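Peer 1: Below is the file my_file07.tsv, with TSV, C-alpha atoms.
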```tsv
chain	number	residue	atom	x	y	z
B	1	MET	CA	0.00	0.00	0.00
B	2	LYS	CA	1.36	3.39	-0.95
B	3	LEU	CA	1.62	6.05	1.68
B	4	ASN	CA	2.35	9.74	1.16
B	5	GLU	CA	5.75	9.23	2.73
B	6	ARG	CA	7.23	12.56	1.78
B	7	SER	CA	4.38	14.40	3.47
B	8	LEU	CA	4.63	12.09	6.44
B	9	ALA	CA	8.33	12.84	6.80
B	10	PHE	CA	7.60	16.52	6.55
B	11	TYR	CA	4.89	16.31	9.19
B	12	ALA	CA	7.32	14.48	11.47
B	13	THR	CA	10.07	17.07	11.15
B	14	CYS	CA	8.17	20.31	10.74
B	15	ASP	CA	7.96	22.83	13.52
B	16	SER	CA	4.51	21.87	14.75
B	17	PRO	CA	4.94	21.04	18.43
B	18	ALA	CA	5.13	17.38	19.38
B	19	ASP	CA	2.90	15.84	22.03
B	20	ASN	CA	5.90	13.99	23.39
B	21	ALA	CA	9.52	13.53	22.35
B	22	GLY	CA	12.52	11.77	23.76
B	23	PHE	CA	14.88	8.84	23.55
B	24	LEU	CA	13.44	5.39	23.94
B	25	TYR	CA	14.91	1.98	23.43
B	26	LYS	CA	13.06	-0.01	20.82
B	27	ARG	CA	13.31	-3.76	20.71
B	28	GLY	CA	13.95	-5.15	17.26
B	29	GLU	CA	11.42	-7.38	15.58
B	30	ARG	CA	13.56	-10.38	14.83
B	31	HIS	CA	16.40	-9.87	17.25
B	32	THR	CA	15.83	-8.94	20.84
B	33	ALA	CA	18.50	-6.26	20.88
B	34	TYR	CA	17.28	-2.79	21.84
B	35	HIS	CA	18.14	0.20	19.72
B	36	ARG	CA	18.10	3.72	21.07
B	37	ARG	CA	15.97	5.91	18.89
B	38	TRP	CA	14.63	9.46	19.04
B	39	PHE	CA	10.84	9.27	19.24
B	40	VAL	CA	8.41	12.03	18.34
B	41	LEU	CA	4.69	11.76	19.00
B	42	LYS	CA	2.44	13.94	16.88
B	43	GLY	CA	-1.26	13.29	17.06
B	44	ASN	CA	-1.85	9.59	16.46
B	45	MET	CA	1.51	9.03	14.78
B	46	LEU	CA	4.62	7.91	16.62
B	47	PHE	CA	7.70	8.62	14.54
B	48	TYR	CA	11.16	7.33	15.34
B	49	PHE	CA	14.49	8.61	14.10
B	50	GLU	CA	17.94	7.13	14.17
B	51	GLU	CA	19.28	10.29	15.73
B	52	ARG	CA	17.68	13.39	17.18
B	53	GLU	CA	19.07	15.42	14.29
B	54	SER	CA	18.02	13.00	11.55
B	55	ARG	CA	16.07	14.69	8.82
B	56	GLU	CA	13.83	11.77	8.08
B	57	PRO	CA	12.24	9.21	10.37
B	58	VAL	CA	13.29	5.58	10.15
B	59	GLY	CA	9.69	4.63	10.69
B	60	VAL	CA	6.31	5.46	12.10
B	61	ILE	CA	3.79	3.60	14.22
B	62	VAL	CA	0.15	4.49	13.50
B	63	LEU	CA	-1.38	4.39	16.95
B	64	GLU	CA	-5.05	4.05	16.12
B	65	GLY	CA	-6.60	1.11	17.92
B	66	CYS	CA	-3.62	0.27	20.08
B	67	ASN	CA	-3.30	-0.67	23.73
B	68	VAL	CA	-0.41	0.57	25.79
B	69	GLU	CA	0.70	-1.71	28.58
B	70	LEU	CA	3.57	-2.24	30.94
B	71	CYS	CA	5.37	-5.41	30.14
B	72	ASP	CA	7.65	-7.97	31.57
B	73	SER	CA	11.10	-7.41	30.33
B	74	ALA	CA	14.60	-7.70	31.57
B	75	GLU	CA	14.81	-4.09	30.49
B	76	GLU	CA	13.82	-1.54	33.10
B	77	PHE	CA	10.99	0.90	32.44
B	78	ALA	CA	9.66	-1.18	29.57
B	79	PHE	CA	6.20	-0.84	28.07
B	80	ALA	CA	4.48	-2.20	25.00
B	81	ILE	CA	2.25	-0.93	22.24
B	82	ARG	CA	-0.08	-3.74	21.28
B	83	PHE	CA	-2.62	-4.08	18.53
B	84	GLY	CA	-5.69	-6.27	18.40
B	85	GLY	CA	-5.36	-8.33	15.27
B	86	ALA	CA	-3.89	-11.79	14.97
B	87	LYS	CA	-0.28	-11.70	13.85
B	88	SER	CA	-0.04	-8.09	14.94
B	89	ARG	CA	3.35	-6.97	16.00
B	90	THR	CA	3.88	-5.72	19.52
B	91	TYR	CA	6.28	-2.84	19.86
B	92	VAL	CA	8.35	-3.10	23.01
B	93	LEU	CA	9.88	0.14	24.15
B	94	ALA	CA	11.88	1.12	27.19
B	95	ALA	CA	12.32	4.53	28.71
B	96	GLU	CA	15.32	5.83	30.59
B	97	SER	CA	13.52	6.62	33.82
B	98	GLN	CA	10.33	5.91	35.72
B	99	ALA	CA	9.04	9.40	35.05
B	100	ALA	CA	9.73	9.14	31.33
B	101	MET	CA	7.99	5.78	31.16
B	102	GLU	CA	4.88	7.10	32.89
B	103	SER	CA	4.84	10.15	30.69
B	104	TRP	CA	5.04	8.06	27.53
B	105	VAL	CA	2.44	5.54	28.65
B	106	LYS	CA	0.07	8.37	29.44
B	107	SER	CA	0.57	10.30	26.25
B	108	LEU	CA	0.48	7.21	24.02
B	109	SER	CA	-2.68	5.80	25.55
B	110	ARG	CA	-4.49	9.04	24.78
B	111	ALA	CA	-3.00	9.56	21.35
B	112	SER	CA	-5.79	8.15	19.22
B	113	PHE	CA	-7.92	10.23	16.95
B	114	ASP	CA	-10.99	8.66	18.54
B	115	TYR	CA	-9.99	9.89	21.96
B	116	MET	CA	-9.39	13.41	20.72
B	117	ARG	CA	-12.75	13.36	18.98
B	118	LEU	CA	-14.51	12.32	22.19
B	119	VAL	CA	-12.99	15.16	24.14
B	120	VAL	CA	-13.85	17.67	21.42
B	121	ARG	CA	-17.45	16.51	21.27
B	122	GLU	CA	-17.79	16.69	25.01
B	123	LEU	CA	-16.52	20.26	25.13
B	124	GLU	CA	-18.64	21.21	22.14
B	125	LYS	CA	-21.71	19.95	23.94
B	126	GLN	CA	-20.82	21.77	27.13
B	127	LEU	CA	-20.28	24.99	25.25
B	128	GLU	CA	-23.58	24.68	23.41
B	129	GLU	CA	-25.43	24.05	26.62
B	130	MET	CA	-23.82	27.03	28.23
B	131	ARG	CA	-24.63	29.32	25.39
B	132	TRP	CA	-28.09	28.21	24.47
B	133	GLY	CA	-29.17	26.13	27.40
B	134	PRO	CA	-30.65	22.68	26.94
B	135	VAL	CA	-34.23	22.17	25.77
B	136	GLY	CA	-36.46	23.65	28.43
B	137	GLY	CA	-33.91	26.22	29.46
B	138	CYS	CA	-32.32	26.65	32.82
B	139	GLY	CA	-33.33	30.12	33.85
B	140	GLY	CA	-31.19	31.04	36.75
B	141	CYS	CA	-28.17	29.15	35.60
B	142	ARG	CA	-27.70	31.30	32.61
B	143	GLY	CA	-27.12	34.38	34.63
B	144	SER	CA	-24.20	36.70	34.39
B	145	PRO	CA	-20.98	34.93	33.63
B	146	SER	CA	-19.53	36.15	36.87
B	147	SER	CA	-21.86	33.90	38.82
B	148	TRP	CA	-19.89	30.98	37.45
B	149	LYS	CA	-16.52	32.23	38.42
B	150	GLN	CA	-15.24	30.26	41.31
B	151	LYS	CA	-12.01	30.49	43.15
B	152	PRO	CA	-9.88	27.59	42.04
B	153	LEU	CA	-11.00	24.63	44.03
B	154	GLY	CA	-8.67	22.57	46.14
B	155	LEU	CA	-9.29	19.68	43.90
B	156	GLU	CA	-6.39	20.33	41.57
B	157	GLN	CA	-6.00	16.98	40.04
B	158	SER	CA	-2.34	16.47	39.45
B	159	PRO	CA	-1.90	14.50	36.28
B	160	GLU	CA	-0.15	11.76	38.21
B	161	GLN	CA	-3.30	11.06	40.19
B	162	LEU	CA	-4.97	9.19	37.41
B	163	PRO	CA	-7.04	6.79	39.51
B	164	ALA	CA	-10.51	7.49	40.77
B	165	LEU	CA	-11.58	10.33	38.54
B	166	PRO	CA	-14.86	11.53	40.02
B	167	ALA	CA	-17.93	10.32	38.20
B	168	ILE	CA	-19.28	13.30	36.36
B	169	PRO	CA	-22.57	14.00	38.09
B	170	PRO	CA	-25.77	14.36	36.10
B	171	LYS	CA	-26.84	17.81	35.17
B	172	GLU	CA	-29.09	19.67	37.55
B	173	ASN	CA	-31.92	21.53	35.88
B	174	GLY	CA	-30.17	20.67	32.69
B	175	CYS	CA	-27.18	22.82	33.53
B	176	ALA	CA	-23.74	21.45	34.05
B	177	VAL	CA	-22.87	21.95	37.69
B	178	TRP	CA	-19.27	22.98	37.98
B	179	ASN	CA	-18.68	22.87	41.67
B	180	ASN	CA	-19.67	19.35	42.47
B	181	VAL	CA	-17.96	17.51	45.23
B	182	PRO	CA	-16.11	14.60	43.73
B	183	GLY	CA	-17.38	11.16	44.53
B	184	ALA	CA	-20.95	12.29	44.78
B	185	ASN	CA	-23.74	10.64	42.86
B	186	ARG	CA	-23.23	7.62	40.72
B	187	PRO	CA	-20.37	5.29	41.37
B	188	PRO	CA	-18.42	4.31	38.27
B	189	ASP	CA	-19.72	1.37	36.33
B	190	PRO	CA	-16.71	-0.46	35.00
B	191	SER	CA	-18.54	-3.64	34.13
B	192	GLY	CA	-19.82	-2.12	30.97
B	193	SER	CA	-23.30	-3.47	31.51
B	194	GLY	CA	-26.09	-1.00	30.83
B	195	GLY	CA	-25.54	2.41	32.27
B	196	HIS	CA	-27.81	5.36	32.82
B	197	ASP	CA	-26.75	8.85	32.21
B	198	GLY	CA	-28.45	12.03	33.31
B	199	GLU	CA	-30.73	12.05	30.35
B	200	GLY	CA	-32.19	8.70	31.35
B	201	ASN	CA	-30.68	7.00	28.36
B	202	SER	CA	-30.04	3.36	29.18
B	203	ARG	CA	-27.89	2.19	26.33
B	204	PRO	CA	-25.27	-0.40	27.16
B	205	LEU	CA	-21.80	1.07	27.33
B	206	PRO	CA	-19.71	0.45	24.27
B	207	LEU	CA	-16.15	-0.77	24.57
B	208	PRO	CA	-13.60	2.00	24.52
B	209	PRO	CA	-12.54	2.54	20.92
B	210	ARG	CA	-9.04	1.25	21.34
B	211	ARG	CA	-10.01	-2.09	22.75
B	212	ARG	CA	-12.00	-3.47	19.86
B	213	ALA	CA	-11.43	-7.18	19.55
B	214	SER	CA	-12.21	-7.38	15.88
B	215	SER	CA	-12.86	-4.86	13.24
B	216	SER	CA	-16.46	-5.98	12.94
B	217	GLU	CA	-17.29	-4.55	16.35
B	218	VAL	CA	-15.94	-1.19	15.52
B	219	GLY	CA	-18.89	0.12	13.58
B	220	SER	CA	-21.28	-0.05	16.47
B	221	ALA	CA	-18.68	0.99	19.01
B	222	ARG	CA	-17.77	3.98	16.98
B	223	ALA	CA	-21.31	5.05	16.31
B	224	VAL	CA	-22.49	4.77	19.87
B	225	THR	CA	-19.40	6.31	21.35
B	226	ALA	CA	-19.84	9.33	19.18
B	227	GLU	CA	-23.37	9.96	20.32
B	228	SER	CA	-23.37	9.67	24.08
B	229	PRO	CA	-21.37	12.26	26.01
B	230	SER	CA	-21.78	10.49	29.33
B	231	THR	CA	-20.02	7.53	27.77
B	232	PHE	CA	-16.97	9.73	27.49
B	233	CYS	CA	-16.91	10.17	31.25
B	234	GLN	CA	-17.15	6.48	31.85
B	235	LEU	CA	-14.56	5.81	29.20
B	236	HIS	CA	-12.31	8.28	30.87
B	237	GLU	CA	-12.79	6.52	34.17
B	238	ARG	CA	-11.79	3.33	32.55
B	239	TYR	CA	-8.63	4.80	31.09
B	240	GLY	CA	-7.74	6.21	34.46
B	241	GLN	CA	-8.44	2.96	36.28
B	242	GLU	CA	-6.42	0.98	33.80
B	243	VAL	CA	-3.38	3.13	34.13
B	244	ALA	CA	-3.72	3.08	37.89
B	245	GLN	CA	-3.90	-0.70	37.82
B	246	LEU	CA	-0.87	-0.94	35.57
B	247	ARG	CA	1.04	1.30	37.87
B	248	GLN	CA	0.01	-0.76	40.88
B	249	ASP	CA	1.08	-3.96	39.14
B	250	TRP	CA	4.40	-2.47	38.26
B	251	LEU	CA	5.01	-1.26	41.77
B	252	GLU	CA	4.14	-4.67	43.15
B	253	ARG	CA	6.56	-6.29	40.83
B	254	ARG	CA	9.26	-3.94	41.94
B	255	HIS	CA	8.71	-4.05	45.67
B	256	GLY	CA	6.86	-7.30	46.13
B	257	PRO	CA	3.13	-7.67	46.64
B	258	ARG	CA	1.53	-5.54	49.30
B	259	PRO	CA	-0.63	-7.15	51.95
W	1	MET	CA	9.91	4.74	5.95
W	2	ARG	CA	8.74	1.73	7.87
W	3	TYR	CA	5.19	1.67	9.10
W	4	ASN	CA	2.79	-0.82	10.64
W	5	GLU	CA	1.04	-1.81	7.45
W	6	ARG	CA	-1.11	-4.50	9.04
W	7	GLU	CA	-2.74	-2.02	11.37
W	8	LEU	CA	-3.20	0.49	8.60
W	9	LEU	CA	-4.90	-2.15	6.44
W	10	SER	CA	-7.11	-3.00	9.40
W	11	LEU	CA	-8.00	0.69	9.73
W	12	ALA	CA	-8.90	0.75	6.05
W	13	ARG	CA	-11.46	-1.98	6.63
W	14	GLN	CA	-13.28	-0.10	9.34
W	15	PRO	CA	-16.52	1.81	8.85
W	16	ALA	CA	-15.71	5.10	7.21
W	17	GLU	CA	-16.79	8.58	8.12
W	18	LYS	CA	-17.36	9.02	4.43
W	19	ALA	CA	-16.97	6.76	1.41
W	20	ALA	CA	-17.83	7.04	-2.26
W	21	GLU	CA	-16.78	6.03	-5.72
W	22	ILE	CA	-15.04	9.05	-7.16
W	23	LEU	CA	-12.78	9.68	-10.11
W	24	MET	CA	-9.27	10.25	-8.86
W	25	ARG	CA	-6.00	11.33	-10.39
W	26	VAL	CA	-2.65	11.08	-8.64
W	27	PRO	CA	0.08	13.72	-9.14
W	28	LYS	CA	2.19	11.59	-11.41
W	29	LYS	CA	3.17	12.51	-14.92
W	30	GLY	CA	0.71	11.18	-17.46
W	31	SER	CA	-1.78	9.89	-14.94
W	32	VAL	CA	-5.45	10.05	-15.76
W	33	LEU	CA	-8.70	10.10	-13.80
W	34	LYS	CA	-9.65	6.63	-12.62
W	35	LYS	CA	-12.66	5.43	-10.72
W	36	ARG	CA	-11.71	4.67	-7.16
W	37	LEU	CA	-13.45	3.81	-3.93
W	38	VAL	CA	-12.38	6.62	-1.65
W	39	LYS	CA	-12.80	6.13	2.08
W	40	LEU	CA	-12.21	8.56	4.93
W	41	VAL	CA	-11.28	6.90	8.25
W	42	VAL	CA	-10.00	9.10	11.08
W	43	ASN	CA	-7.25	11.24	9.51
W	44	PHE	CA	-6.52	8.89	6.61
W	45	LEU	CA	-7.98	8.90	3.14
W	46	PHE	CA	-7.78	5.40	1.66
W	47	TYR	CA	-8.33	4.72	-2.00
W	48	PHE	CA	-9.15	1.35	-3.55
W	49	ARG	CA	-9.70	-0.08	-6.98
W	50	THR	CA	-13.44	-0.53	-6.98
W	51	ASP	CA	-13.32	-4.32	-6.94
W	52	GLU	CA	-10.48	-4.83	-4.49
W	53	ALA	CA	-10.51	-5.30	-0.74
W	54	GLU	CA	-7.08	-3.85	-0.07
W	55	PRO	CA	-6.38	-0.16	-0.71
W	56	ILE	CA	-3.91	0.93	-3.36
W	57	GLY	CA	-2.84	3.70	-1.06
W	58	ALA	CA	-3.49	5.98	1.86
W	59	LEU	CA	-3.05	9.69	2.40
W	60	LEU	CA	-2.40	11.00	5.89
W	61	LEU	CA	-4.44	14.18	6.02
W	62	GLU	CA	-2.14	16.37	8.12
W	63	ARG	CA	-0.63	19.62	6.86
W	64	CYS	CA	-2.71	19.38	3.73
W	65	ARG	CA	-4.80	21.82	1.78
W	66	ILE	CA	-8.17	21.03	0.28
W	67	THR	CA	-8.93	23.23	-2.72
W	68	LYS	CA	-12.00	23.63	-4.86
W	69	GLU	CA	-10.93	23.35	-8.46
W	70	GLU	CA	-13.30	23.51	-11.40
W	71	GLU	CA	-16.89	22.29	-11.30
W	72	ASN	CA	-17.36	19.06	-9.30
W	73	VAL	CA	-13.61	18.89	-8.71
W	74	PHE	CA	-11.50	19.33	-5.60
W	75	SER	CA	-7.87	18.61	-4.89
W	76	ILE	CA	-5.71	17.62	-1.95
W	77	SER	CA	-2.15	18.91	-1.76
W	78	PHE	CA	0.42	19.02	1.01
W	79	THR	CA	1.99	22.11	2.49
W	80	GLU	CA	5.51	21.38	1.37
W	81	GLU	CA	4.57	20.51	-2.22
W	82	PRO	CA	1.54	22.59	-3.17
W	83	GLU	CA	1.81	21.87	-6.91
W	84	ARG	CA	1.52	18.13	-6.39
W	85	LYS	CA	-2.23	17.66	-6.38
W	86	TYR	CA	-4.41	14.65	-5.90
W	87	CYS	CA	-7.53	15.48	-7.92
W	88	PHE	CA	-11.02	14.19	-7.33
W	89	GLU	CA	-13.95	14.58	-9.68
W	90	CYS	CA	-17.33	14.09	-8.04
W	91	ASP	CA	-20.71	13.29	-9.51
W	92	SER	CA	-22.17	16.61	-8.43
W	93	GLU	CA	-21.26	19.96	-7.00
W	94	GLU	CA	-23.08	18.99	-3.83
W	95	GLN	CA	-21.00	15.88	-3.37
W	96	CYS	CA	-17.90	17.93	-4.06
W	97	GLN	CA	-18.76	20.43	-1.32
W	98	GLU	CA	-19.56	17.67	1.17
W	99	TRP	CA	-16.17	16.07	0.64
W	100	ILE	CA	-14.34	19.38	0.91
W	101	GLU	CA	-16.05	20.09	4.24
W	102	ALA	CA	-15.40	16.61	5.57
W	103	LEU	CA	-11.74	16.57	4.55
W	104	LYS	CA	-11.05	20.02	5.98
W	105	ARG	CA	-12.21	18.74	9.35
W	106	ALA	CA	-10.49	15.39	9.11
W	107	SER	CA	-7.07	16.18	10.51
W	108	TYR	CA	-5.92	15.57	14.05
W	109	GLU	CA	-4.51	19.08	14.04
W	110	PHE	CA	-7.91	20.55	13.17
W	111	MET	CA	-9.49	18.68	16.05
W	112	ARG	CA	-6.79	19.85	18.39
W	113	ARG	CA	-7.38	23.46	17.38
W	114	SER	CA	-11.13	22.99	17.94
W	115	LEU	CA	-10.50	21.54	21.35
W	116	ILE	CA	-8.22	24.37	22.36
W	117	PHE	CA	-10.77	26.86	21.08
W	118	TYR	CA	-13.65	25.29	23.02
W	119	ARG	CA	-11.53	24.93	26.11
W	120	ASN	CA	-10.63	28.57	25.95
W	121	GLU	CA	-14.23	29.66	25.37
W	122	ILE	CA	-15.47	27.66	28.33
W	123	LEU	CA	-12.65	28.99	30.46
W	124	LYS	CA	-13.58	32.55	29.52
W	125	MET	CA	-17.24	32.00	30.21
W	126	THR	CA	-16.93	30.17	33.48
W	127	GLY	CA	-13.46	30.87	34.79
W	128	LYS	CA	-12.97	27.14	35.02
W	129	ASP	CA	-10.93	24.80	32.88
W	130	PRO	CA	-13.26	22.09	31.57
W	131	LEU	CA	-10.41	19.60	31.31
W	132	GLU	CA	-9.58	19.78	34.99
W	133	GLN	CA	-12.34	17.43	36.02
W	134	TYR	CA	-10.85	14.78	33.75
W	135	GLY	CA	-7.37	15.29	35.07
W	136	ILE	CA	-5.96	16.03	31.64
W	137	SER	CA	-5.43	19.77	31.80
W	138	GLU	CA	-1.67	19.42	31.85
W	139	GLU	CA	-1.39	17.22	28.81
W	140	ALA	CA	0.86	18.74	26.19
W	141	ARG	CA	-1.61	18.10	23.41
W	142	PHE	CA	-4.32	20.26	25.01
W	143	GLN	CA	-2.27	23.33	25.81
W	144	LEU	CA	-3.63	26.76	25.03
W	145	GLY	CA	-1.59	28.97	22.81
W	146	THR	CA	1.35	26.65	22.29
W	147	HIS	CA	0.18	24.82	19.21
W	148	GLN	CA	0.39	26.78	16.03
W	149	PRO	CA	-1.76	25.91	13.05
```
How would this structure read if it were set down as structure tokens?

Peer 2:
Amino acid sequence: MKLNERSLAFYATCDSPADNAGFLYKRGERHTAYHRRWFVLKGNMLFYFEERESREPVGVIVLEGCNVELCDSAEEFAFAIRFGGAKSRTYVLAAESQAAMESWVKSLSRASFDYMRLVVRELEKQLEEMRWGPVGGCGGCRGSPSSWKQKPLGLEQSPEQLPALPAIPPKENGCAVWNNVPGANRPPDPSGSGGHDGEGNSRPLPLPPRRRASSSEVGSARAVTAESPSTFCQLHERYGQEVAQLRQDWLERRHGPRP
Amino acid sequence: MRYNERELLSLARQPAEKAAEILMRVPKKGSVLKKRLVKLVVNFLFYFRTDEAEPIGALLLERCRITKEEENVFSISFTEEPERKYCFECDSEEQCQEWIEALKRASYEFMRRSLIFYRNEILKMTGKDPLEQYGISEEARFQLGTHQP
């Protein structure tokens, strides 16, 4: 299959800012030797160069539909990019520090186009509701903008605290309530069996886009994911829980299981 | 450049945002318009011979320009080589306009700009960062003002 390689190379090296960049060790396909490469993440494309100054990438990994996991390896700080299909190659990478590994796992697991689209749609919806109000209106909520201004709440979520994102509470009077106490209202529903969102819509939760088992499931997953904004929140929970679990597993492996 | 072809082929098989049989011409000397199945999936435009399951090729739609050419015709070119145009002749002006709109919105970079715009708007209106509640406000890809078009 032909690819517009020249344009790809240009995209990789142009001055548009990268979402992540740094040296990683990449395990070869046939031989298990690791090669140090300069990696640049832009959007859903992970480019790798022989050297930081190289003008053209050696290769690119299209990240759509991948899973990012920690993996067992003699190499420290190793993680893997895995794809769903049979005979799919797994890319094993290793960072040079714990912090670098966590940063890469985080940025790679959110690199898909699907994820970006979910976030955009969620914000779009919020903005629309703020500007026009939902059907039925929300009178007092749409007051002067200053009524919404809050002092920054103590709940700064540091990016490292991925676990236990608060369930986004349903909307009161149809207006998004900004100052909710986390942990209120619905507990997360990780089982994926039918969920209710604020609108009383009881569709079953689709799988997160990147975990499709076969391409035949994607159609429905894609379509449903696109429509339901509350799904985004639950999906986000799931991402957060997964990473937290991975981190826990890794720590246990390092220090021995905790009681 | 090496790339994970298997995954890209798998992507090409997935339900498309938009798909149609359109006449297409590649920017190669002497090439002519040929009927192709053209399929938009995320930020890739795949093109197939109409009776084949595997695409002939794929275009990554980043740093590209979509231009209306003559009637029913639009082209895709890339920033660094604006004269090299992939031309598409549609069945109607309406179809042509639909594709132009869809392709202009198809890039990851476009979505990122939209996100930053919405984030900024919501921040202005409410004084609160809408990404905070998801714990992703510090992610490089969502930063205000640092990504240039």

Peer 1: With all atoms listed in the file as the atoms that count, which of W:Gln143, W:Gln14, W:Ser31, W:Asn120 lies nearest to chain B?

Peer 2: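 Closest candidate: W:Gln14.
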
Peer 1: Up to 8 Å from chain B, what residues of chain W turn up? Count only C-alpha atoms and give them as JSON, numbers by chain.

Peer 2: {"W": [1, 2, 3, 4, 5, 6, 7, 8, 10, 11, 13, 14, 15, 42, 43, 55, 56, 57, 58, 59, 60, 62, 63, 78, 80, 108, 109, 111, 112, 114, 115, 118, 119, 121, 122, 125, 126, 127, 128, 130, 132, 133, 134, 135, 136, 137, 138, 139, 140, 141, 146, 147, 148, 149]}

Peer 1: Rounded to one decimal in Å, what is the spacing between CA of Glu69 (chain W) and CA of Cys87 (chain W)?

Peer 2: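 Computing the Euclidean distance for CA of Glu69 (chain W) and CA of Cys87 (chain W) yields 8.6 Å.
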
Peer 1: Quick one: everything within 7 Å of region 73-77 of chain W, counting only C-alpha atoms, minus sequence neighbours fewer than 5 positions away in the same chain. Send it as a PDB file with C-alpha atoms, keeping the file's coordinate frame.

Peer 2:
```
ATOM      1  CA  CYS W  64      -2.710  19.380   3.730  1.00  0.00           C
ATOM      2  CA  ARG W  65      -4.800  21.820   1.780  1.00  0.00           C
ATOM      3  CA  ILE W  66      -8.170  21.030   0.280  1.00  0.00           C
ATOM      4  CA  THR W  67      -8.930  23.230  -2.720  1.00  0.00           C
ATOM      5  CA  LYS W  68     -12.000  23.630  -4.860  1.00  0.00           C
ATOM      6  CA  PRO W  82       1.540  22.590  -3.170  1.00  0.00           C
ATOM      7  CA  ARG W  84       1.520  18.130  -6.390  1.00  0.00           C
ATOM      8  CA  LYS W  85      -2.230  17.660  -6.380  1.00  0.00           C
ATOM      9  CA  TYR W  86      -4.410  14.650  -5.900  1.00  0.00           C
ATOM     10  CA  CYS W  87      -7.530  15.480  -7.920  1.00  0.00           C
ATOM     11  CA  PHE W  88     -11.020  14.190  -7.330  1.00  0.00           C
ATOM     12  CA  GLU W  89     -13.950  14.580  -9.680  1.00  0.00           C
ATOM     13  CA  CYS W  90     -17.330  14.090  -8.040  1.00  0.00           C
ATOM     14  CA  CYS W  96     -17.900  17.930  -4.060  1.00  0.00           C
TER      15      CYS W  96
END
```

Peer 1: Which residues, written as a PyMOL selection string, have at least one atom at most 7 Å from Phe79 (chain B), with all atoms listed in the file counted and residues fewer than 5 positions away on the same chain left out?

Peer 2: chain B and resi 69-71+92-94

Peer 1: Could the residues in this selection be saved with C-alpha atoms as a PDB file, in the frame of the given file?

Peer 2:
```pdb
ATOM      1  CA  GLU B  69       0.700  -1.710  28.580  1.00  0.00           C
ATOM      2  CA  LEU B  70       3.570  -2.240  30.940  1.00  0.00           C
ATOM      3  CA  CYS B  71       5.370  -5.410  30.140  1.00  0.00           C
ATOM      4  CA  VAL B  92       8.350  -3.100  23.010  1.00  0.00           C
ATOM      5  CA  LEU B  93       9.880   0.140  24.150  1.00  0.00           C
ATOM      6  CA  ALA B  94      11.880   1.120  27.190  1.00  0.00           C
TER       7      ALA B  94
END
```

Peer 1: CA of Tyr34 (chain B) and CA of Gln248 (chain B) are how many Å apart?

Peer 2: 25.8 Å

Peer 1: Between W:Arg49, W:Ile22, W:Leu33, W:Pro27, which has the minimum distance to Ser92 (chain W) (counting all atoms listed in the file)?

Peer 2: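 Once distances to Ser92 (chain W) are computed over all atoms listed in the file, the minimum belongs to W:Ile22.
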
Peer 1: Interatomic distance between CA of Leu118 (chain B) and CA of Ile81 (chain B)?

Peer 2: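 Between these atoms lies a distance of 21.4 Å.
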
Peer 1: Please give the centre and size of the box around region 4-22 of chain B (axis-aligned, containing every atom listed in the file, 3 Å added per side), with values in Å to one decimal and written as AutoDock Vina command-line options.

Peer 2:
```
--center_x 7.4 --center_y 16.0 --center_z 12.5 --size_x 16.2 --size_y 19.6 --size_z 28.6
```

Peer 1: Could you check which of W:Leu61, W:Glu98, W:Phe142, W:Lys34 is closest to Arg113 (chain W), using all atoms listed in the file?

Peer 2: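 That would be W:Phe142, the residue with the smallest distance to Arg113 (chain W).
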
Peer 1: Skip Val38 (chain W) itself and residues of its chain fewer than 3 positions away, then list as a VMD selection string all residues within 8 Å of it, counting all atoms listed in the file.

Peer 2: chain W and resid 19 to 22 45 to 48

Peer 1: Name the closest residue to Trp104 (chain B) among the candidates B:Tyr91, B:Trp132, B:Phe39, B:Trp250; distances are taken between atoms, counting only C-alpha atoms.

Peer 2: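 Closest candidate: B:Phe39.
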